[in-house]
>>> print(open('run_17.pdb').read())   # PDB, C-alpha atoms
ATOM      1  CA  MET C  25     -55.562 -10.466 -44.772
ATOM      2  CA  GLY C  26     -52.683 -10.987 -47.188
ATOM      3  CA  ALA C  27     -50.632 -12.901 -44.622
ATOM      4  CA  SER C  28     -53.409 -15.428 -44.019
ATOM      5  CA  VAL C  29     -53.816 -16.045 -47.774
ATOM      6  CA  THR C  30     -50.078 -16.457 -48.209
ATOM      7  CA  ARG C  31     -49.932 -18.848 -45.254
ATOM      8  CA  ALA C  32     -52.821 -20.917 -46.637
ATOM      9  CA  ILE C  33     -51.144 -21.242 -50.049
ATOM     10  CA  ARG C  34     -47.775 -22.064 -48.496
ATOM     11  CA  ASN C  35     -49.226 -24.767 -46.225
ATOM     12  CA  PHE C  36     -51.525 -26.315 -48.852
ATOM     13  CA  ASN C  37     -50.881 -30.065 -49.193
ATOM     14  CA  LEU C  38     -47.650 -29.618 -47.230
ATOM     15  CA  GLU C  39     -47.277 -33.185 -45.960
ATOM     16  CA  ASN C  40     -47.740 -34.774 -49.378
ATOM     17  CA  ARG C  41     -45.271 -32.362 -50.976
ATOM     18  CA  ALA C  42     -42.699 -33.053 -48.257
ATOM     19  CA  GLU C  43     -43.138 -36.828 -48.626
ATOM     20  CA  ARG C  44     -42.692 -36.554 -52.393
ATOM     21  CA  GLU C  45     -39.423 -34.607 -51.963
ATOM     22  CA  ILE C  46     -38.065 -37.063 -49.414
ATOM     23  CA  SER C  47     -38.849 -40.107 -51.569
ATOM     24  CA  LYS C  48     -37.114 -38.711 -54.672
ATOM     25  CA  MET C  49     -33.895 -40.304 -55.808
ATOM     26  CA  LYS C  50     -30.816 -38.414 -54.778
ATOM     27  CA  LEU C  51     -29.147 -36.388 -57.479
ATOM     28  CA  ALA C  52     -26.129 -37.766 -59.283
ATOM     29  CA  PRO C  53     -22.918 -35.766 -59.011
ATOM     30  CA  ALA C  54     -22.435 -33.009 -61.552
ATOM     31  CA  PRO C  55     -20.820 -34.140 -64.825
ATOM     32  CA  ARG C  56     -17.146 -33.492 -65.210
ATOM     33  CA  HIS C  57     -15.659 -31.350 -67.882
ATOM     34  CA  PRO C  58     -14.559 -33.388 -70.962
ATOM     35  CA  SER C  59     -10.924 -32.324 -70.580
ATOM     36  CA  THR C  60     -10.939 -33.504 -66.963
ATOM     37  CA  LYS C  61     -12.470 -36.846 -67.958
ATOM     38  CA  SER C  62      -9.684 -37.505 -70.422
ATOM     39  CA  LEU C  63      -6.974 -36.590 -67.872
ATOM     40  CA  LEU C  64      -8.499 -38.877 -65.233
ATOM     41  CA  ARG C  65      -8.782 -41.743 -67.704
ATOM     42  CA  GLU C  66      -5.092 -41.300 -68.688
ATOM     43  CA  GLN C  67      -3.991 -41.372 -65.035
ATOM     44  CA  MET C  68      -6.056 -44.496 -64.310
ATOM     45  CA  ASP C  69      -4.645 -46.282 -67.348
ATOM     46  CA  SER C  70      -1.041 -45.354 -66.555
ATOM     47  CA  ARG C  71      -1.310 -46.357 -62.882
ATOM     48  CA  PRO C  72      -3.886 -49.102 -62.245
ATOM     49  CA  ASP C  73      -2.972 -49.292 -58.530
ATOM     50  CA  ILE C  74      -4.545 -45.837 -57.964
ATOM     51  CA  LYS C  75      -8.038 -47.336 -58.232
ATOM     52  CA  GLY C  76      -7.239 -49.801 -55.449
ATOM     53  CA  GLU C  77      -5.594 -47.055 -53.400
ATOM     54  CA  ILE C  78      -8.729 -44.907 -53.597
ATOM     55  CA  ALA C  79     -11.024 -47.750 -52.479
ATOM     56  CA  ARG C  80      -8.701 -49.057 -49.713
ATOM     57  CA  LYS C  81      -9.328 -48.120 -46.064
ATOM     58  CA  ASP C  82      -6.251 -47.177 -44.093
ATOM     59  CA  ASP C  83      -6.450 -48.770 -40.631
ATOM     60  CA  LYS C  84      -3.790 -46.475 -39.197
ATOM     61  CA  LEU C  85      -5.718 -43.354 -40.205
ATOM     62  CA  LEU C  86      -8.984 -44.843 -38.909
ATOM     63  CA  SER C  87      -7.420 -45.568 -35.509
ATOM     64  CA  LEU C  88      -6.042 -42.015 -35.339
ATOM     65  CA  LEU C  89      -9.469 -40.691 -36.243
ATOM     66  CA  LYS C  90     -11.056 -42.667 -33.411
ATOM     67  CA  ASP C  91      -8.597 -41.105 -30.951
ATOM     68  CA  VAL C  92      -9.677 -37.586 -31.900
ATOM     69  CA  TYR C  93     -12.084 -36.101 -29.390
ATOM     70  CA  VAL C  94     -13.714 -32.759 -30.054
ATOM     71  CA  ASP C  95     -15.506 -30.933 -27.292
ATOM     72  CA  SER C  96     -17.007 -27.649 -28.369
ATOM     73  CA  LYS C  97     -19.161 -25.136 -26.600
ATOM     74  CA  ASP C  98     -20.865 -22.076 -27.978
ATOM     75  CA  PRO C  99     -18.984 -18.924 -27.084
ATOM     76  CA  VAL C 100     -20.752 -16.692 -24.604
ATOM     77  CA  SER C 101     -21.583 -13.357 -26.173
ATOM     78  CA  SER C 102     -20.576 -10.212 -24.336
ATOM     79  CA  THR C 103     -24.219  -9.048 -24.076
ATOM     80  CA  GLN C 104     -25.147 -12.192 -22.151
ATOM     81  CA  VAL C 105     -22.250 -11.648 -19.764
ATOM     82  CA  LYS C 106     -23.316  -8.025 -19.195
ATOM     83  CA  ASP C 107     -26.942  -9.038 -18.646
ATOM     84  CA  ALA C 108     -25.954 -11.728 -16.160
ATOM     85  CA  GLY C 109     -23.786  -9.288 -14.230
ATOM     86  CA  THR C 110     -26.254  -6.391 -14.092
ATOM     87  CA  ARG C 111     -29.375  -8.282 -13.102
ATOM     88  CA  GLN C 112     -29.823  -8.477  -9.378
ATOM     89  CA  GLN C 113     -32.714 -10.440  -8.014
ATOM     90  CA  PRO C 114     -34.087  -8.852  -4.861
ATOM     91  CA  LYS C 115     -33.698 -11.287  -2.012
ATOM     92  CA  GLU C 116     -35.567  -9.471   0.737
ATOM     93  CA  PHE C 117     -38.989  -7.916   0.744
ATOM     94  CA  ARG C 118     -40.604  -5.372   3.019
ATOM     95  CA  LEU C 119     -44.181  -4.402   3.750
ATOM     96  CA  PRO C 120     -45.442  -1.188   2.153
ATOM     97  CA  LYS C 121     -45.607   1.887   4.373
ATOM     98  CA  GLY C 122     -48.686   4.081   4.628
ATOM     99  CA  ASN C 123     -52.020   3.922   2.832
ATOM    100  CA  HIS C 124     -51.892   2.715  -0.764
ATOM    101  CA  PHE C 125     -55.445   3.809  -1.648
ATOM    102  CA  GLY C 126     -56.858   0.382  -2.450
ATOM    103  CA  MET C 127     -53.867  -0.777  -4.504
ATOM    104  CA  ASN C 128     -53.196  -4.471  -3.987
ATOM    105  CA  ILE C 129     -49.522  -4.368  -2.962
ATOM    106  CA  GLU C 130     -48.455  -7.229  -0.712
ATOM    107  CA  ASN C 131     -44.720  -6.679  -0.455
ATOM    108  CA  ILE C 132     -42.034  -4.519  -2.031
ATOM    109  CA  PRO C 133     -38.441  -5.615  -2.752
ATOM    110  CA  LYS C 134     -35.827  -3.904  -0.630
ATOM    111  CA  GLY C 135     -34.157  -1.136  -2.586
ATOM    112  CA  LYS C 136     -37.401  -0.177  -4.359
ATOM    113  CA  ILE C 137     -40.410   1.936  -3.430
ATOM    114  CA  SER C 138     -43.947   2.308  -4.718
ATOM    115  CA  ILE C 139     -45.206   5.471  -6.359
ATOM    116  CA  VAL C 140     -47.303   6.328  -3.306
ATOM    117  CA  GLU C 141     -44.275   5.976  -1.034
ATOM    118  CA  ALA C 142     -42.203   8.124  -3.396
ATOM    119  CA  LEU C 143     -44.755  10.912  -3.291
ATOM    120  CA  THR C 144     -45.031  10.582   0.488
ATOM    121  CA  LEU C 145     -41.304  10.819   1.108
ATOM    122  CA  LEU C 146     -40.956  13.753  -1.296
ATOM    123  CA  ASN C 147     -43.782  15.599   0.452
ATOM    124  CA  ASN C 148     -42.391  14.811   3.923
ATOM    125  CA  HIS C 149     -38.963  16.088   2.892
ATOM    126  CA  LYS C 150     -40.479  19.249   1.439
ATOM    127  CA  LEU C 151     -42.572  19.994   4.523
ATOM    128  CA  TYR C 152     -40.069  18.928   7.221
ATOM    129  CA  PRO C 153     -36.548  18.902   5.713
ATOM    130  CA  GLU C 154     -34.867  18.881   9.146
ATOM    131  CA  THR C 155     -36.750  15.757  10.248
ATOM    132  CA  TRP C 156     -36.884  13.855   6.942
ATOM    133  CA  THR C 157     -33.266  13.984   5.834
ATOM    134  CA  ALA C 158     -31.853  11.838   3.050
ATOM    135  CA  GLU C 159     -30.199   9.538   5.601
ATOM    136  CA  LYS C 160     -33.444   8.955   7.501
ATOM    137  CA  ILE C 161     -35.398   8.305   4.266
ATOM    138  CA  ALA C 162     -32.761   5.833   3.078
ATOM    139  CA  GLU C 163     -32.924   3.981   6.382
ATOM    140  CA  GLU C 164     -36.730   4.052   6.606
ATOM    141  CA  TYR C 165     -37.388   2.764   3.068
ATOM    142  CA  HIS C 166     -34.278   0.536   2.726
ATOM    143  CA  LEU C 167     -32.820   2.536  -0.167
ATOM    144  CA  GLU C 168     -29.320   3.488  -1.290
ATOM    145  CA  GLN C 169     -28.098   6.847  -0.005
ATOM    146  CA  LYS C 170     -27.008   8.092  -3.446
ATOM    147  CA  ASP C 171     -30.393   7.172  -4.960
ATOM    148  CA  VAL C 172     -32.257   9.091  -2.250
ATOM    149  CA  ASN C 173     -30.005  12.124  -2.754
ATOM    150  CA  SER C 174     -30.702  12.043  -6.494
ATOM    151  CA  VAL C 175     -34.455  11.706  -5.978
ATOM    152  CA  LEU C 176     -34.559  14.598  -3.521
ATOM    153  CA  ARG C 177     -32.462  16.747  -5.823
ATOM    154  CA  TYR C 178     -34.212  16.115  -9.154
ATOM    155  CA  PHE C 179     -37.856  15.387  -8.234
ATOM    156  CA  ILE C 180     -40.364  17.713  -6.634
ATOM    157  CA  THR C 181     -44.024  17.281  -5.796
ATOM    158  CA  PHE C 182     -46.669  19.405  -7.452
ATOM    159  CA  GLU C 183     -47.286  22.765  -5.921
ATOM    160  CA  VAL C 184     -50.161  25.047  -6.819
ATOM    161  CA  LYS C 185     -49.629  28.756  -6.396
ATOM    162  CA  ILE C 186     -52.293  31.262  -7.260
ATOM    163  CA  VAL C 187     -50.706  34.583  -7.982
ATOM    164  CA  PRO C 188     -53.089  37.508  -8.433
ATOM    165  CA  PRO C 189     -52.345  39.605 -11.489
ATOM    166  CA  GLU C 190     -50.753  42.917 -10.585
ATOM    167  CA  ASP C 191     -52.070  44.910 -13.524
ATOM    168  CA  ARG C 192     -55.779  44.407 -12.641
ATOM    169  CA  LYS C 193     -57.461  46.236  -9.857
ATOM    170  CA  ALA C 194     -59.111  44.122  -7.200
ATOM    171  CA  ILE C 195     -62.884  44.345  -7.160
ATOM    172  CA  GLN C 196     -63.976  46.232  -4.126
ATOM    173  CA  SER C 197     -66.791  44.657  -2.212
ATOM    174  CA  GLU C 198     -69.403  47.049  -0.926
TER     175      GLU C 198
END
>>> encode(input="run_17.pdb", output="structure tokens")
Amino acid sequence: MGASVTRAIRNFNLENRAEREISKMKLAPAPRHPSTKSLLREQMDSRPDIKGEIARKDDKLLSLLKDVYVDSKDPVSSTQVKDAGTRQQPKEFRLPKGNHFGMNIENIPKGKISIVEALTLLNNHKLYPETWTAEKIAEEYHLEQKDVNSVLRYFITFEVKIVPPEDRKAIQSE
């Protein structure tokens, strides 16, 4: 609420205020100190050619100035260089494997997998570790070998175990 009120006050009659500022006369230079005025007046009186020297244009300096060519570019920050080097646009896509339960996935970049595929490969590896080795998973899903090894090492699928309590007696059925 406060921001909208502040914005309304700030933007009130903005164009007219801007036009008024632009049309104002430019400020005169700041006045000089009285001691400086007297010293300048003494110098001008003692050497009248200084006034002409100040107003004169030096053709030699102007020609040298025309020969100067400055070409500048903004320096590239190190964060931009890092970002440009680390970003890799996937160039190839693959079709998703298995059933994606109604999810609208058309294609997946090579080197990446969907969540359904991740759960599937983890479950396959857990159930049949001899068949679904890290090498076979990497080849099947177009993944890096080290990434597959890390996934298989650090991620597990959910497993429900019902352990009967040992301190309670089982109810005997009659």
>>> atom_distance(input="run_17.pdb", atom1="atom CA of C:Asn147", atom2="atom CA of C:Arg177")
13.0 Å
>>> residues_around(input="run_17.pdb", residues="C:Glu168", least_positions_apart="5", cutoff="12 Å", atoms="all atoms listed in the file", output="short mmCIF file (atom, residue, chain, number, x, y, z; two decimals) with C-alpha atoms, in the coordinates of the input")
data_model
loop_
_atom_site.label_atom_id
_atom_site.label_comp_id
_atom_site.auth_asym_id
_atom_site.auth_seq_id
_atom_site.Cartn_x
_atom_site.Cartn_y
_atom_site.Cartn_z
CA LYS C 134 -35.83 -3.90 -0.63
CA GLY C 135 -34.16 -1.14 -2.59
CA LYS C 136 -37.40 -0.18 -4.36
CA ILE C 137 -40.41 1.94 -3.43
CA ALA C 158 -31.85 11.84 3.05
CA GLU C 159 -30.20 9.54 5.60
CA LYS C 160 -33.44 8.96 7.50
CA ILE C 161 -35.40 8.30 4.27
CA ALA C 162 -32.76 5.83 3.08
CA GLU C 163 -32.92 3.98 6.38
CA ASN C 173 -30.00 12.12 -2.75
CA SER C 174 -30.70 12.04 -6.49
CA VAL C 175 -34.46 11.71 -5.98
#
>>> atom_distance(input="run_17.pdb", atom1="atom CA of C:Ser138", atom2="atom CA of C:Tyr165")
10.2 Å
>>> atom_distance(input="run_17.pdb", atom1="atom CA of C:Leu89", atom2="atom CA of C:Glu77")
18.7 Å
>>> closest_residue(input="run_17.pdb", among="C:Val94, C:Met49, C:Leu88, C:Leu146", to="C:Glu183", atoms="all atoms listed in the file")
C:Leu146
